[in-house]
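A.B. asks: What follows is protein00.cif, made up of mmCIF, C-alpha atoms and all ligand atoms:
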data_data
loop_
_atom_site.label_atom_id
_atom_site.label_comp_id
_atom_site.auth_asym_id
_atom_site.auth_seq_id
_atom_site.Cartn_x
_atom_site.Cartn_y
_atom_site.Cartn_z
CA MET D 1 0.00 0.00 0.00
CA THR D 2 1.33 3.41 -0.96
CA GLY D 3 0.75 4.66 2.55
CA GLY D 4 2.11 8.15 2.03
CA THR D 5 -0.53 9.11 -0.52
CA ARG D 6 -1.58 12.63 0.35
CA VAL D 7 -4.84 14.41 -0.45
CA THR D 8 -3.92 17.38 -2.62
CA ALA D 9 -7.36 18.81 -3.38
CA VAL D 10 -11.07 18.33 -2.74
CA ARG D 11 -13.30 18.67 -5.79
CA VAL D 12 -17.04 19.10 -5.22
CA HIS D 13 -19.65 18.51 -7.93
CA ASP D 14 -23.31 19.56 -7.74
CA VAL D 15 -24.88 16.61 -9.60
CA ARG D 16 -28.65 16.50 -10.09
CA PHE D 17 -30.89 14.06 -11.91
CA PRO D 18 -34.27 15.19 -13.28
CA THR D 19 -36.37 12.58 -11.43
CA ALA D 20 -39.19 14.82 -10.20
CA ALA D 21 -41.25 14.86 -13.37
CA ALA D 22 -41.89 11.08 -13.35
CA GLY D 23 -42.79 10.93 -9.66
CA ASP D 24 -39.84 8.61 -9.01
CA GLY D 25 -38.86 8.89 -5.38
CA SER D 26 -42.03 10.73 -4.47
CA ASP D 27 -43.38 10.29 -0.96
CA SER D 28 -45.63 12.15 1.44
CA LEU D 29 -43.22 15.06 1.92
CA ASN D 30 -40.37 14.84 -0.56
CA ARG D 31 -40.60 15.44 -4.26
CA GLY D 32 -37.66 16.71 -6.19
CA ASP D 33 -34.70 15.94 -8.35
CA TYR D 34 -32.48 13.30 -6.77
CA SER D 35 -29.10 14.88 -6.30
CA ALA D 36 -25.65 14.22 -4.95
CA SER D 37 -22.95 16.45 -3.61
CA TYR D 38 -20.21 14.39 -5.16
CA VAL D 39 -16.75 14.70 -3.65
CA GLU D 40 -13.45 13.65 -5.17
CA LEU D 41 -10.23 13.60 -3.19
CA ALA D 42 -7.35 14.18 -5.58
CA THR D 43 -4.06 12.65 -4.40
CA ASP D 44 -0.38 12.95 -5.25
CA GLY D 45 -0.17 9.93 -7.49
CA GLY D 46 -2.59 7.59 -5.70
CA PRO D 47 -6.19 6.76 -6.56
CA THR D 48 -8.97 9.35 -6.29
CA GLY D 49 -11.17 9.00 -3.22
CA ALA D 50 -14.91 9.33 -3.91
CA GLY D 51 -17.71 10.21 -1.53
CA LEU D 52 -21.12 11.74 -1.77
CA THR D 53 -24.06 12.88 0.20
CA PHE D 54 -27.56 12.48 -1.16
CA THR D 55 -29.91 15.47 -1.32
CA ASN D 56 -32.91 16.72 -3.20
CA GLY D 57 -32.72 19.45 -5.87
CA ARG D 58 -31.74 22.89 -4.59
CA GLY D 59 -30.72 21.41 -1.23
CA ASN D 60 -27.59 20.32 -3.04
CA GLU D 61 -26.33 23.90 -3.20
CA LEU D 62 -26.09 24.01 0.58
CA THR D 63 -24.35 20.67 1.06
CA CYS D 64 -21.85 21.49 -1.70
CA ALA D 65 -21.06 24.78 0.04
CA ALA D 66 -20.66 22.98 3.36
CA VAL D 67 -18.25 20.48 1.83
CA ARG D 68 -16.16 23.39 0.53
CA ALA D 69 -16.20 24.98 3.99
CA LEU D 70 -14.86 21.77 5.58
CA ALA D 71 -12.48 20.70 2.80
CA HIS D 72 -9.37 22.31 4.32
CA HIS D 73 -9.49 19.71 7.13
CA VAL D 74 -8.89 16.98 4.55
CA VAL D 75 -6.45 18.62 2.12
CA GLY D 76 -2.85 17.81 3.02
CA ARG D 77 -3.75 14.70 5.07
CA THR D 78 -2.41 11.23 4.38
CA VAL D 79 -4.38 8.04 4.96
CA PRO D 80 -1.95 6.71 7.62
CA GLU D 81 -2.25 9.99 9.53
CA VAL D 82 -6.02 9.68 9.59
CA ALA D 83 -5.88 5.98 10.50
CA ARG D 84 -3.51 6.70 13.38
CA GLU D 85 -5.82 9.26 14.99
CA PRO D 86 -9.26 8.75 13.50
CA VAL D 87 -11.23 10.49 16.24
CA ALA D 88 -8.99 13.54 16.09
CA PHE D 89 -9.55 13.69 12.33
CA TRP D 90 -13.31 13.20 12.71
CA ARG D 91 -13.53 15.93 15.34
CA SER D 92 -11.57 18.33 13.13
CA LEU D 93 -14.65 18.19 10.89
CA THR D 94 -17.46 17.85 13.44
CA ALA D 95 -16.05 20.32 15.94
CA ASP D 96 -14.70 22.99 13.61
CA PRO D 97 -14.91 25.99 15.95
CA GLN D 98 -16.50 28.23 13.32
CA LEU D 99 -18.94 25.66 11.93
CA ARG D 100 -20.07 23.56 14.91
CA TRP D 101 -22.73 26.17 15.68
CA LEU D 102 -24.52 25.09 12.48
CA GLY D 103 -25.08 21.59 13.89
CA PRO D 104 -23.75 20.32 16.06
CA GLU D 105 -23.44 17.02 14.20
CA LYS D 106 -26.70 17.34 12.33
CA GLY D 107 -28.19 18.56 9.08
CA VAL D 108 -26.32 20.11 6.18
CA ILE D 109 -22.99 20.46 7.95
CA HIS D 110 -23.04 16.82 9.11
CA MET D 111 -24.07 15.50 5.70
CA ALA D 112 -21.08 17.34 4.23
CA THR D 113 -18.91 15.70 6.90
CA GLY D 114 -20.31 12.32 5.83
CA ALA D 115 -19.37 12.92 2.20
CA LEU D 116 -15.79 13.82 3.11
CA VAL D 117 -15.29 11.10 5.72
CA ASN D 118 -16.68 8.47 3.38
CA ALA D 119 -14.38 9.70 0.60
CA VAL D 120 -11.42 9.12 2.91
CA TRP D 121 -12.67 5.56 3.60
CA ASP D 122 -13.05 5.00 -0.13
CA LEU D 123 -9.47 6.18 -0.66
CA ARG D 124 -8.22 4.00 2.19
CA ALA D 125 -9.95 0.92 0.79
CA LYS D 126 -8.72 1.63 -2.75
CA LEU D 127 -5.16 1.93 -1.43
CA ALA D 128 -5.59 -1.39 0.41
CA GLY D 129 -7.05 -2.94 -2.76
CA VAL D 130 -10.24 -4.18 -1.04
CA PRO D 131 -13.90 -3.16 -0.79
CA VAL D 132 -14.78 -1.15 2.33
CA TRP D 133 -16.76 -4.06 3.85
CA ARG D 134 -13.69 -6.28 3.75
CA LEU D 135 -11.38 -3.56 5.03
CA LEU D 136 -13.67 -3.09 8.04
CA ALA D 137 -14.32 -6.78 8.65
CA GLU D 138 -10.60 -7.54 8.74
CA LEU D 139 -9.52 -4.63 10.94
CA PRO D 140 -8.33 -5.61 14.41
CA THR D 141 -10.87 -4.98 17.16
CA ASP D 142 -8.79 -2.29 18.84
CA GLU D 143 -8.45 -0.36 15.59
CA LEU D 144 -12.22 -0.43 14.98
CA VAL D 145 -12.89 0.68 18.56
CA ARG D 146 -10.30 3.44 18.20
CA THR D 147 -12.24 4.74 15.18
CA ILE D 148 -15.35 5.53 17.23
CA ASP D 149 -16.00 8.79 19.03
CA PHE D 150 -17.62 7.51 22.25
CA HIS D 151 -18.24 11.05 23.47
CA HIS D 152 -21.95 11.38 24.42
CA ILE D 153 -22.70 7.66 23.92
CA SER D 154 -20.53 5.88 26.48
CA ASP D 155 -23.50 5.81 28.89
CA ALA D 156 -25.09 3.36 26.41
CA LEU D 157 -22.03 1.62 24.93
CA THR D 158 -18.54 1.56 26.42
CA PRO D 159 -15.37 0.88 24.42
CA ASP D 160 -15.02 -2.41 26.30
CA GLU D 161 -18.54 -3.48 25.33
CA ALA D 162 -17.84 -2.53 21.70
CA ALA D 163 -14.63 -4.57 21.77
CA GLY D 164 -16.54 -7.54 23.20
CA ILE D 165 -19.08 -7.43 20.38
CA LEU D 166 -16.36 -7.13 17.72
CA ASP D 167 -14.28 -9.94 19.24
CA ARG D 168 -17.27 -12.26 19.32
CA GLY D 169 -17.84 -11.29 15.67
CA ARG D 170 -14.56 -12.91 14.69
CA VAL D 171 -16.01 -16.32 15.54
CA GLY D 172 -17.51 -17.95 12.47
CA LEU D 173 -16.72 -14.97 10.23
CA ALA D 174 -15.30 -17.12 7.44
CA ASP D 175 -18.46 -19.24 7.34
CA ARG D 176 -20.68 -16.16 7.19
CA LEU D 177 -18.56 -14.75 4.39
CA ASP D 178 -18.84 -18.01 2.43
CA GLN D 179 -22.60 -17.88 2.86
CA LEU D 180 -22.86 -14.28 1.63
CA THR D 181 -20.58 -14.97 -1.31
CA ARG D 182 -22.80 -17.87 -2.28
CA ASP D 183 -26.28 -16.49 -1.52
CA GLY D 184 -25.94 -12.70 -1.48
CA PHE D 185 -27.51 -10.41 1.13
CA PRO D 186 -31.32 -10.29 1.56
CA ALA D 187 -32.98 -7.15 0.21
CA TYR D 188 -36.33 -5.49 -0.25
CA THR D 189 -37.55 -3.17 -2.97
CA THR D 190 -39.11 0.27 -2.61
CA SER D 191 -39.64 0.74 -6.32
CA VAL D 192 -43.23 -0.50 -6.55
CA GLY D 193 -45.16 2.08 -4.57
CA TRP D 194 -44.01 5.67 -4.76
CA LEU D 195 -46.83 7.97 -3.73
CA GLY D 196 -46.92 9.66 -7.12
CA TYR D 197 -47.67 6.40 -8.97
CA PRO D 198 -51.27 5.61 -9.99
CA ASP D 199 -52.85 2.31 -8.82
CA GLN D 200 -52.41 0.53 -12.14
CA GLN D 201 -48.69 1.32 -12.18
CA VAL D 202 -48.35 0.07 -8.58
CA ARG D 203 -50.16 -3.15 -9.53
CA GLU D 204 -47.96 -3.76 -12.57
CA LEU D 205 -44.75 -2.96 -10.70
CA THR D 206 -45.79 -5.27 -7.85
CA ARG D 207 -46.40 -8.14 -10.27
CA ALA D 208 -43.07 -7.52 -11.99
CA ALA D 209 -41.21 -7.36 -8.67
CA TYR D 210 -42.78 -10.62 -7.48
CA ALA D 211 -41.86 -12.29 -10.75
CA GLN D 212 -38.26 -11.10 -10.31
CA GLY D 213 -38.07 -12.89 -6.96
CA TRP D 214 -38.79 -10.07 -4.54
CA ARG D 215 -40.48 -11.32 -1.36
CA ALA D 216 -40.24 -8.08 0.61
CA LEU D 217 -41.75 -4.84 -0.67
CA LYS D 218 -42.14 -1.34 0.71
CA LEU D 219 -44.91 1.11 -0.03
CA LYS D 220 -45.25 4.80 0.67
CA VAL D 221 -48.21 5.87 2.78
CA GLY D 222 -49.18 9.22 4.24
CA GLY D 223 -51.76 10.41 1.74
CA PRO D 224 -55.46 10.38 2.63
CA ILE D 225 -55.92 7.25 4.77
CA GLU D 226 -58.54 5.74 2.45
CA ASP D 227 -56.05 6.03 -0.44
CA ASP D 228 -53.31 4.46 1.67
CA LEU D 229 -55.57 1.57 2.64
CA ARG D 230 -56.64 0.97 -0.95
CA ARG D 231 -53.07 0.92 -2.25
CA VAL D 232 -51.75 -1.30 0.52
CA GLU D 233 -54.67 -3.75 0.19
CA LEU D 234 -54.12 -3.80 -3.56
CA VAL D 235 -50.49 -4.83 -3.11
CA ARG D 236 -51.31 -7.35 -0.37
CA ALA D 237 -53.89 -8.94 -2.65
CA GLU D 238 -51.31 -9.21 -5.44
CA VAL D 239 -48.57 -10.84 -3.39
CA GLY D 240 -50.46 -12.94 -0.84
CA PRO D 241 -49.90 -13.30 2.90
CA GLU D 242 -46.31 -14.62 2.87
CA VAL D 243 -44.56 -11.60 1.38
CA LEU D 244 -43.20 -9.00 3.82
CA LEU D 245 -44.88 -5.67 3.32
CA MET D 246 -43.37 -2.54 4.84
CA LEU D 247 -45.01 0.88 5.04
CA ASP D 248 -43.23 4.23 5.02
CA ALA D 249 -44.98 7.45 6.09
CA ASN D 250 -41.94 9.74 5.75
CA GLN D 251 -42.81 11.59 8.99
CA VAL D 252 -46.05 13.11 7.76
CA TRP D 253 -48.24 12.10 10.73
CA GLY D 254 -48.53 13.52 14.21
CA VAL D 255 -48.16 10.97 17.01
CA ASP D 256 -51.87 10.49 17.72
CA GLU D 257 -52.66 10.58 14.00
CA ALA D 258 -50.08 7.84 13.41
CA ILE D 259 -51.61 5.67 16.12
CA GLY D 260 -55.10 6.22 14.66
CA ASN D 261 -54.08 5.45 11.08
CA LEU D 262 -52.05 2.42 12.06
CA ALA D 263 -55.08 0.95 13.82
CA GLN D 264 -56.50 0.63 10.29
CA LEU D 265 -53.32 -0.26 8.42
CA VAL D 266 -52.29 -3.15 10.71
CA GLY D 267 -55.08 -5.14 9.01
CA VAL D 268 -52.76 -5.72 6.04
CA ASP D 269 -50.13 -7.21 8.36
CA PRO D 270 -47.25 -4.79 7.75
CA TYR D 271 -43.84 -5.91 8.99
CA TRP D 272 -42.87 -2.37 9.91
CA ILE D 273 -44.10 1.20 9.85
CA GLU D 274 -41.27 3.51 8.87
CA GLU D 275 -40.92 7.13 9.99
CA PRO D 276 -44.46 7.33 11.38
CA THR D 277 -43.76 10.81 12.78
CA HIS D 278 -41.14 13.54 12.98
CA ALA D 279 -37.62 12.14 12.95
CA ASP D 280 -36.60 13.99 16.12
CA ASP D 281 -39.54 12.79 18.22
CA VAL D 282 -37.91 10.01 20.22
CA LEU D 283 -40.68 9.75 22.81
CA GLY D 284 -43.35 9.96 20.10
CA HIS D 285 -41.77 6.99 18.34
CA ALA D 286 -41.75 5.12 21.64
CA ARG D 287 -45.48 5.75 22.10
CA ILE D 288 -46.24 4.65 18.54
CA ALA D 289 -44.09 1.54 18.96
CA GLU D 290 -46.01 0.59 22.07
CA ALA D 291 -49.37 1.22 20.39
CA VAL D 292 -48.63 -0.53 17.10
CA GLY D 293 -47.16 -3.48 18.96
CA ARG D 294 -50.46 -3.80 20.82
CA GLN D 295 -52.59 -3.23 17.70
CA SER D 296 -50.71 -5.86 15.70
CA GLY D 297 -50.20 -8.47 18.37
CA GLY D 298 -46.48 -7.75 18.29
CA ARG D 299 -46.14 -8.33 14.55
CA CYS D 300 -45.52 -4.74 13.40
CA ARG D 301 -42.51 -2.75 14.55
CA VAL D 302 -41.44 0.87 14.20
CA ALA D 303 -38.51 1.59 11.89
CA THR D 304 -36.65 4.83 11.59
CA GLY D 305 -33.20 6.31 11.06
CA GLU D 306 -32.85 7.75 7.57
CA MET D 307 -33.18 11.22 9.08
CA ALA D 308 -31.77 10.45 12.51
CA ALA D 309 -29.05 13.03 12.70
CA ASN D 310 -26.31 11.32 14.66
CA ARG D 311 -25.28 8.60 17.11
CA VAL D 312 -26.84 10.48 20.04
CA ILE D 313 -30.33 10.33 18.52
CA PHE D 314 -29.86 6.62 17.77
CA LYS D 315 -28.76 6.10 21.36
CA GLN D 316 -31.99 7.65 22.60
CA LEU D 317 -34.19 5.75 20.13
CA LEU D 318 -32.61 2.51 21.34
CA GLN D 319 -32.70 3.41 25.04
CA ALA D 320 -36.36 4.41 24.79
CA GLY D 321 -37.40 1.19 23.04
CA ALA D 322 -38.68 3.45 20.24
CA ILE D 323 -37.40 1.41 17.28
CA GLY D 324 -37.56 -2.25 16.31
CA VAL D 325 -35.52 -1.64 13.14
CA CYS D 326 -32.51 0.67 12.82
CA GLN D 327 -32.33 2.41 9.45
CA VAL D 328 -29.02 4.21 9.58
CA ASP D 329 -28.13 6.29 6.54
CA ALA D 330 -24.56 6.08 5.22
CA CYS D 331 -24.06 9.81 4.75
CA ARG D 332 -26.62 11.66 6.86
CA VAL D 333 -24.51 10.77 9.88
CA GLY D 334 -20.83 11.61 9.77
CA GLY D 335 -19.64 8.74 7.61
CA VAL D 336 -18.28 5.27 8.37
CA ASP D 337 -16.82 6.23 11.74
CA GLU D 338 -20.19 7.23 13.20
CA VAL D 339 -22.02 4.36 11.48
CA LEU D 340 -19.72 1.95 13.37
CA ALA D 341 -20.94 3.42 16.67
CA ILE D 342 -24.57 3.03 15.58
CA LEU D 343 -24.16 -0.58 14.37
CA LEU D 344 -22.56 -1.50 17.68
CA MET D 345 -25.26 0.21 19.76
CA ALA D 346 -27.98 -1.53 17.73
CA ALA D 347 -26.25 -4.87 18.35
CA LYS D 348 -26.06 -4.21 22.06
CA PHE D 349 -29.78 -3.37 22.19
CA GLY D 350 -30.70 -6.33 19.99
CA VAL D 351 -32.22 -4.26 17.19
CA PRO D 352 -31.63 -5.38 13.58
CA VAL D 353 -30.10 -2.88 11.16
CA CYS D 354 -31.78 -2.42 7.76
CA PRO D 355 -29.99 0.63 6.37
CA HIS D 356 -31.75 3.34 4.43
CA ALA D 357 -30.98 3.31 0.73
CA GLY D 358 -32.36 4.50 -2.58
CA GLY D 359 -31.65 8.08 -3.56
CA VAL D 360 -28.37 8.40 -5.43
CA GLY D 361 -25.58 6.06 -4.42
CA LEU D 362 -27.12 4.98 -1.12
CA CYS D 363 -27.59 1.38 -2.23
CA GLU D 364 -23.97 1.41 -3.38
CA TYR D 365 -22.85 2.64 0.05
CA VAL D 366 -24.99 0.68 2.47
CA GLN D 367 -24.34 -2.78 1.05
CA HIS D 368 -20.87 -2.43 2.61
CA LEU D 369 -22.37 -1.53 6.00
CA SER D 370 -24.82 -4.44 6.08
CA ILE D 371 -22.18 -6.93 4.98
CA PHE D 372 -19.79 -5.72 7.65
CA ASP D 373 -22.58 -5.75 10.23
CA TYR D 374 -23.35 -9.38 9.44
CA LEU D 375 -19.72 -10.45 9.33
CA ARG D 376 -18.52 -8.77 12.49
CA VAL D 377 -21.25 -7.04 14.57
CA GLY D 378 -24.84 -8.30 14.40
CA CYS D 379 -23.71 -11.68 12.99
CA SER D 380 -27.27 -12.64 12.07
CA LEU D 381 -29.48 -12.24 9.02
CA ALA D 382 -32.69 -12.45 11.08
CA GLY D 383 -34.77 -9.42 10.20
CA ARG D 384 -31.90 -7.93 8.17
CA MET D 385 -32.53 -6.59 4.67
CA ILE D 386 -30.94 -3.92 2.53
CA GLU D 387 -33.29 -1.46 0.86
CA TYR D 388 -33.15 -1.48 -2.92
CA VAL D 389 -34.43 1.16 -5.31
CA ASP D 390 -33.99 0.60 -9.00
CA HIS D 391 -32.91 4.11 -9.99
CA LEU D 392 -29.73 5.79 -11.19
CA HIS D 393 -27.29 2.91 -10.72
CA GLU D 394 -26.07 3.32 -14.28
CA HIS D 395 -24.14 6.42 -13.21
CA PHE D 396 -21.72 4.47 -11.04
CA VAL D 397 -18.52 2.76 -12.10
CA ASP D 398 -19.22 -0.22 -9.80
CA PRO D 399 -23.01 -0.31 -9.37
CA VAL D 400 -24.81 -2.69 -7.03
CA ARG D 401 -25.69 -6.07 -8.43
CA VAL D 402 -29.03 -7.47 -7.28
CA ALA D 403 -30.41 -10.83 -8.36
CA GLY D 404 -33.42 -12.76 -7.10
CA GLY D 405 -34.06 -10.15 -4.40
CA ARG D 406 -30.52 -10.29 -2.99
CA TYR D 407 -27.45 -8.07 -3.17
CA GLN D 408 -24.37 -9.75 -4.59
CA LEU D 409 -21.15 -8.93 -2.75
CA PRO D 410 -19.22 -5.99 -4.23
CA VAL D 411 -15.64 -6.93 -5.02
CA ALA D 412 -14.01 -3.78 -6.46
CA PRO D 413 -11.76 -1.81 -4.09
CA GLY D 414 -13.40 1.17 -2.38
CA TYR D 415 -16.86 2.25 -1.24
CA SER D 416 -18.65 1.79 -4.63
CA VAL D 417 -19.75 5.41 -5.09
CA THR D 418 -17.27 6.45 -7.78
CA MET D 419 -19.42 8.06 -10.47
CA ARG D 420 -18.86 7.80 -14.17
CA PRO D 421 -17.10 10.99 -15.37
CA GLU D 422 -19.58 11.33 -18.23
CA SER D 423 -22.50 11.24 -15.78
CA VAL D 424 -20.90 13.88 -13.58
CA ALA D 425 -20.39 16.09 -16.64
CA ARG D 426 -23.84 15.54 -18.09
CA PHE D 427 -25.83 16.09 -14.89
CA SER D 428 -23.75 18.82 -13.26
CA PHE D 429 -25.99 21.70 -12.29
CA PRO D 430 -26.59 24.17 -13.85
CA ASP D 431 -24.16 23.88 -16.75
CA GLY D 432 -24.32 20.18 -17.69
CA PRO D 433 -26.10 19.34 -20.98
CA ALA D 434 -28.97 17.66 -19.06
CA TRP D 435 -29.86 21.04 -17.51
CA ARG D 436 -29.11 23.51 -20.29
MG MG D 501 -38.02 5.88 4.16
#
What does this structure look like when you write it as structure tokens?

C.D. replies:
Amino acid sequence: MTGGTRVTAVRVHDVRFPTAAAGDGSDSLNRGDYSASYVELATDGGPTGAGLTFTNGRGNELTCAAVRALAHHVVGRTVPEVAREPVAFWRSLTADPQLRWLGPEKGVIHMATGALVNAVWDLRAKLAGVPVWRLLAELPTDELVRTIDFHHISDALTPDEAAGILDRGRVGLADRLDQLTRDGFPAYTTSVGWLGYPDQQVRELTRAAYAQGWRALKLKVGGPIEDDLRRVELVRAEVGPEVLLMLDANQVWGVDEAIGNLAQLVGVDPYWIEEPTHADDVLGHARIAEAVGRQSGGRCRVATGEMAANRVIFKQLLQAGAIGVCQVDACRVGGVDEVLAILLMAAKFGVPVCPHAGGVGLCEYVQHLSIFDYLRVGCSLAGRMIEYVDHLHEHFVDPVRVAGGRYQLPVAPGYSVTMRPESVARFSFPDGPAWR
């Protein structure tokens, strides 16, 4: 490994795809052009590190600006320097004295941190010649523990507890890896039921997904409740009782409204209700989890995490018994380092991780996290699935490969979010040919 490779520049691209017109990605609150603040770390002779954070349309202007504001913490660094003192590096970004006021560790500034931190992990894995999941799975326990900032979470997870989980994860790792290599990682699809799709399109997409081998599907809800019920019943009727059906309200309901609507929706036997209310409402999620557990005889759980800002919010969600599924996002939190903390807390609290994906590049990212989680942290596939959305993969050099409803293991070195140069050029906003 050319360990001295130094980051010489950070290039930021405002890349947007015109998805809004077709209703792709539409839910109860979000409708826009799927976008990525795409980050490239230029190096002095080594590979280029790639990272991104996913946003929606004009939101991309802000995350791109935030990446530029943080970039000086990365320029001039070498990978071994970062690996020697990962928390110090991470805090240089998250505790920048002039920028921390914008978070702390949440929103635009933290998403920009995620893009940069992930780009460094991509570079590190490319230099090591392995995919990120393998780099992580093969790191010694003490090095993984040393990567985590335990500040503000050690009341829920101590470094010793984290080390215990990671040490236990070494047992049987080779067998689990053989199994994943052979069978792939279980997945579910969100592509059948965007809120902007008419019933006939939902029906046709559901049939096609079933025929392709999908046995777990997710539908958007959060419109008028009679519309939600009709759509969900339509899909349930198409796929029968055995298929897992997940519902996603994208935070549109109040707490009492969620409990009232779920009393009707549990009739279709959903496996989870995702983001039933505002992402910050930890105690509200706990109330909904208690109610929906009662309404469904314990069959339906609450899932959230795609907009959970950081490890501290996940700590509270877990401590409060507010989630039965942890949906960490690869770049909303501050990159791989913080995701490690969240995976380990979820394992300690016995909550399965089904990462949030879709968007642009999120499927590419999170496959690495789920694979690592299975190999070294959670060590079980029970209740574990990776979200899959069939959009925009063609823009990546090493796109996800999904067959028969399962992710195939990525093998190329890095974190899989390197974009094709021609896609970056074509969809760059506002000057790319797609936008002129
Ligand atoms: Mg969602």

A.B. asks: If you take all atoms listed in the file and a cut-off of 10 Å, which residues of stretch 113-210 of chain D touch stretch 387-401 of chain D, and what are their nearest atom pairs and distances in Å to one decimal, in chain and number order, as CSV?

C.D. replies:
residue,atom,partner,partner_atom,distance
D:Gly184,CA,D:Arg401,CA,9.6
D:Pro186,CA,D:Glu387,CA,9.1
D:Ala187,CA,D:Glu387,CA,5.7
D:Tyr188,CA,D:Glu387,CA,5.2
D:Thr189,CA,D:Tyr388,CA,4.7
D:Thr190,CA,D:Val389,CA,5.5
D:Ser191,CA,D:Val389,CA,5.3
D:Val192,CA,D:Val389,CA,9.0

A.B. asks: Would you tabulate, counting only C-alpha atoms and all ligand atoms, all residues of chain D that have an atom at most 7 Å from an atom of ligand MG 501 (chain D), showing the closest pair of atoms and their distance in Å to one decimal, sorted by chain then ascending number, as a Markdown table?

C.D. replies:
| residue | atom | partner | partner_atom | distance |
| --- | --- | --- | --- | --- |
| D:Asp248 | CA | D:MG501 | MG | 5.5 |
| D:Asn250 | CA | D:MG501 | MG | 5.7 |
| D:Glu274 | CA | D:MG501 | MG | 6.2 |
| D:Glu275 | CA | D:MG501 | MG | 6.6 |
| D:Glu306 | CA | D:MG501 | MG | 6.5 |
| D:His356 | CA | D:MG501 | MG | 6.8 |

A.B. asks: Using only C-alpha atoms for the distances, tell me which of D:Glu161, D:Glu61, D:Asp183, D:Asp27 is nearest to D:Gly405.

C.D. replies: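 Smallest separation from D:Gly405 among the options: D:Asp183.
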
A.B. asks: When distances are computed from all atoms listed in the file, which of D:Ile153, D:Val328, D:Val266, D:Ile109 shows the smallest separation from D:Leu70?

C.D. replies: D:Ile109

A.B. asks: So how many Å separate atom CA of D:Glu233 and atom CA of D:Cys300, to one decimal?

C.D. replies: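 Answer for the atom CA of D:Glu233 to atom CA of D:Cys300 separation: 16.1 Å.
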
A.B. asks: One number please: atom CA of D:Ser37 to atom CA of D:Ala330, in Å, one decimal.

C.D. replies: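 Rounded to one decimal, the two atoms are 13.7 Å apart.
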
A.B. asks: Have a look at atom CA of D:Pro430 and atom CA of D:Leu62 and let me know their distance in Å, one decimal.

C.D. replies: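 About the pair atom CA of D:Pro430 and atom CA of D:Leu62: they are 14.4 Å apart.
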
A.B. asks: Need the shell around stretch 54-60 of chain D: protein/DNA/RNA residues with any atom at most 9 Å away, counting only C-alpha atoms. Skip same-chain ones fewer than 5 positions apart. Format as a ChimeraX atom specification?

C.D. replies: /D:14-18,30-38,65,108,111,115,331-332,359-362

A.B. asks: Within 12 Å of D:Pro198, counting only C-alpha atoms, which residues qualify if same-chain residues fewer than 3 places away don't, as a list in words?

C.D. replies: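 The residues satisfying every condition are Ala22, Gly23, Asp24, Ser26, Val192, Gly193, Trp194, Leu195, Gln201, Val202, Arg203, Glu204, Leu205, Asp227, Asp228, Arg230, Arg231 and Leu234 of chain D.
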
A.B. asks: Go ahead and save the residues from that selection, with C-alpha atoms, as a PDB file, keeping the file's coordinate frame.

C.D. replies:
ATOM      1  CA  ALA D  22     -41.890  11.080 -13.350  1.00  0.00           C
ATOM      2  CA  GLY D  23     -42.790  10.930  -9.660  1.00  0.00           C
ATOM      3  CA  ASP D  24     -39.840   8.610  -9.010  1.00  0.00           C
ATOM      4  CA  SER D  26     -42.030  10.730  -4.470  1.00  0.00           C
ATOM      5  CA  VAL D 192     -43.230  -0.500  -6.550  1.00  0.00           C
ATOM      6  CA  GLY D 193     -45.160   2.080  -4.570  1.00  0.00           C
ATOM      7  CA  TRP D 194     -44.010   5.670  -4.760  1.00  0.00           C
ATOM      8  CA  LEU D 195     -46.830   7.970  -3.730  1.00  0.00           C
ATOM      9  CA  GLN D 201     -48.690   1.320 -12.180  1.00  0.00           C
ATOM     10  CA  VAL D 202     -48.350   0.070  -8.580  1.00  0.00           C
ATOM     11  CA  ARG D 203     -50.160  -3.150  -9.530  1.00  0.00           C
ATOM     12  CA  GLU D 204     -47.960  -3.760 -12.570  1.00  0.00           C
ATOM     13  CA  LEU D 205     -44.750  -2.960 -10.700  1.00  0.00           C
ATOM     14  CA  ASP D 227     -56.050   6.030  -0.440  1.00  0.00           C
ATOM     15  CA  ASP D 228     -53.310   4.460   1.670  1.00  0.00           C
ATOM     16  CA  ARG D 230     -56.640   0.970  -0.950  1.00  0.00           C
ATOM     17  CA  ARG D 231     -53.070   0.920  -2.250  1.00  0.00           C
ATOM     18  CA  LEU D 234     -54.120  -3.800  -3.560  1.00  0.00           C
TER      19      LEU D 234
END

A.B. asks: Find the residues around stretch 336-353 of chain D up to 7 Å (all atoms listed in the file counted), leave out those fewer than 3 positions away in its own chain, and share them as a list in words.

C.D. replies: Asn118, Thr147, Ile148, Leu157, Ala162, Arg311, Phe314, Leu318, Gly324, Val325, Cys326, Gln327, Ala330, Val333, Asp373, Val377, Gly378, Gly383 and Arg384 of chain D

A.B. asks: Nearest residue to D:Ile165 out of D:Tyr271, D:Asp44, D:Cys379, D:Trp90, using all atoms listed in the file?

C.D. replies: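 Going through D:Tyr271, D:Asp44, D:Cys379, D:Trp90 one by one, the smallest distance to D:Ile165 is for D:Cys379.
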
A.B. asks: With all atoms listed in the file as the basis for distance, which of D:Ala289, D:Val75, D:Leu116, D:Ile273 is at the shortest distance from D:Thr94?

C.D. replies: D:Leu116

A.B. asks: With only C-alpha atoms as the basis for distance, which of D:Ser28, D:Leu409, D:Val424, D:Pro86 is at the shortest distance from D:Gly223?

C.D. replies: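 Closest candidate: D:Ser28.
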
A.B. asks: Taking only C-alpha atoms into account, name the residue in D:Asp167, D:Glu81, D:His110, D:Leu29 that is nearest to D:Ala308.

C.D. replies: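 Of the candidates, the smallest distance to D:Ala308 is held by D:His110.
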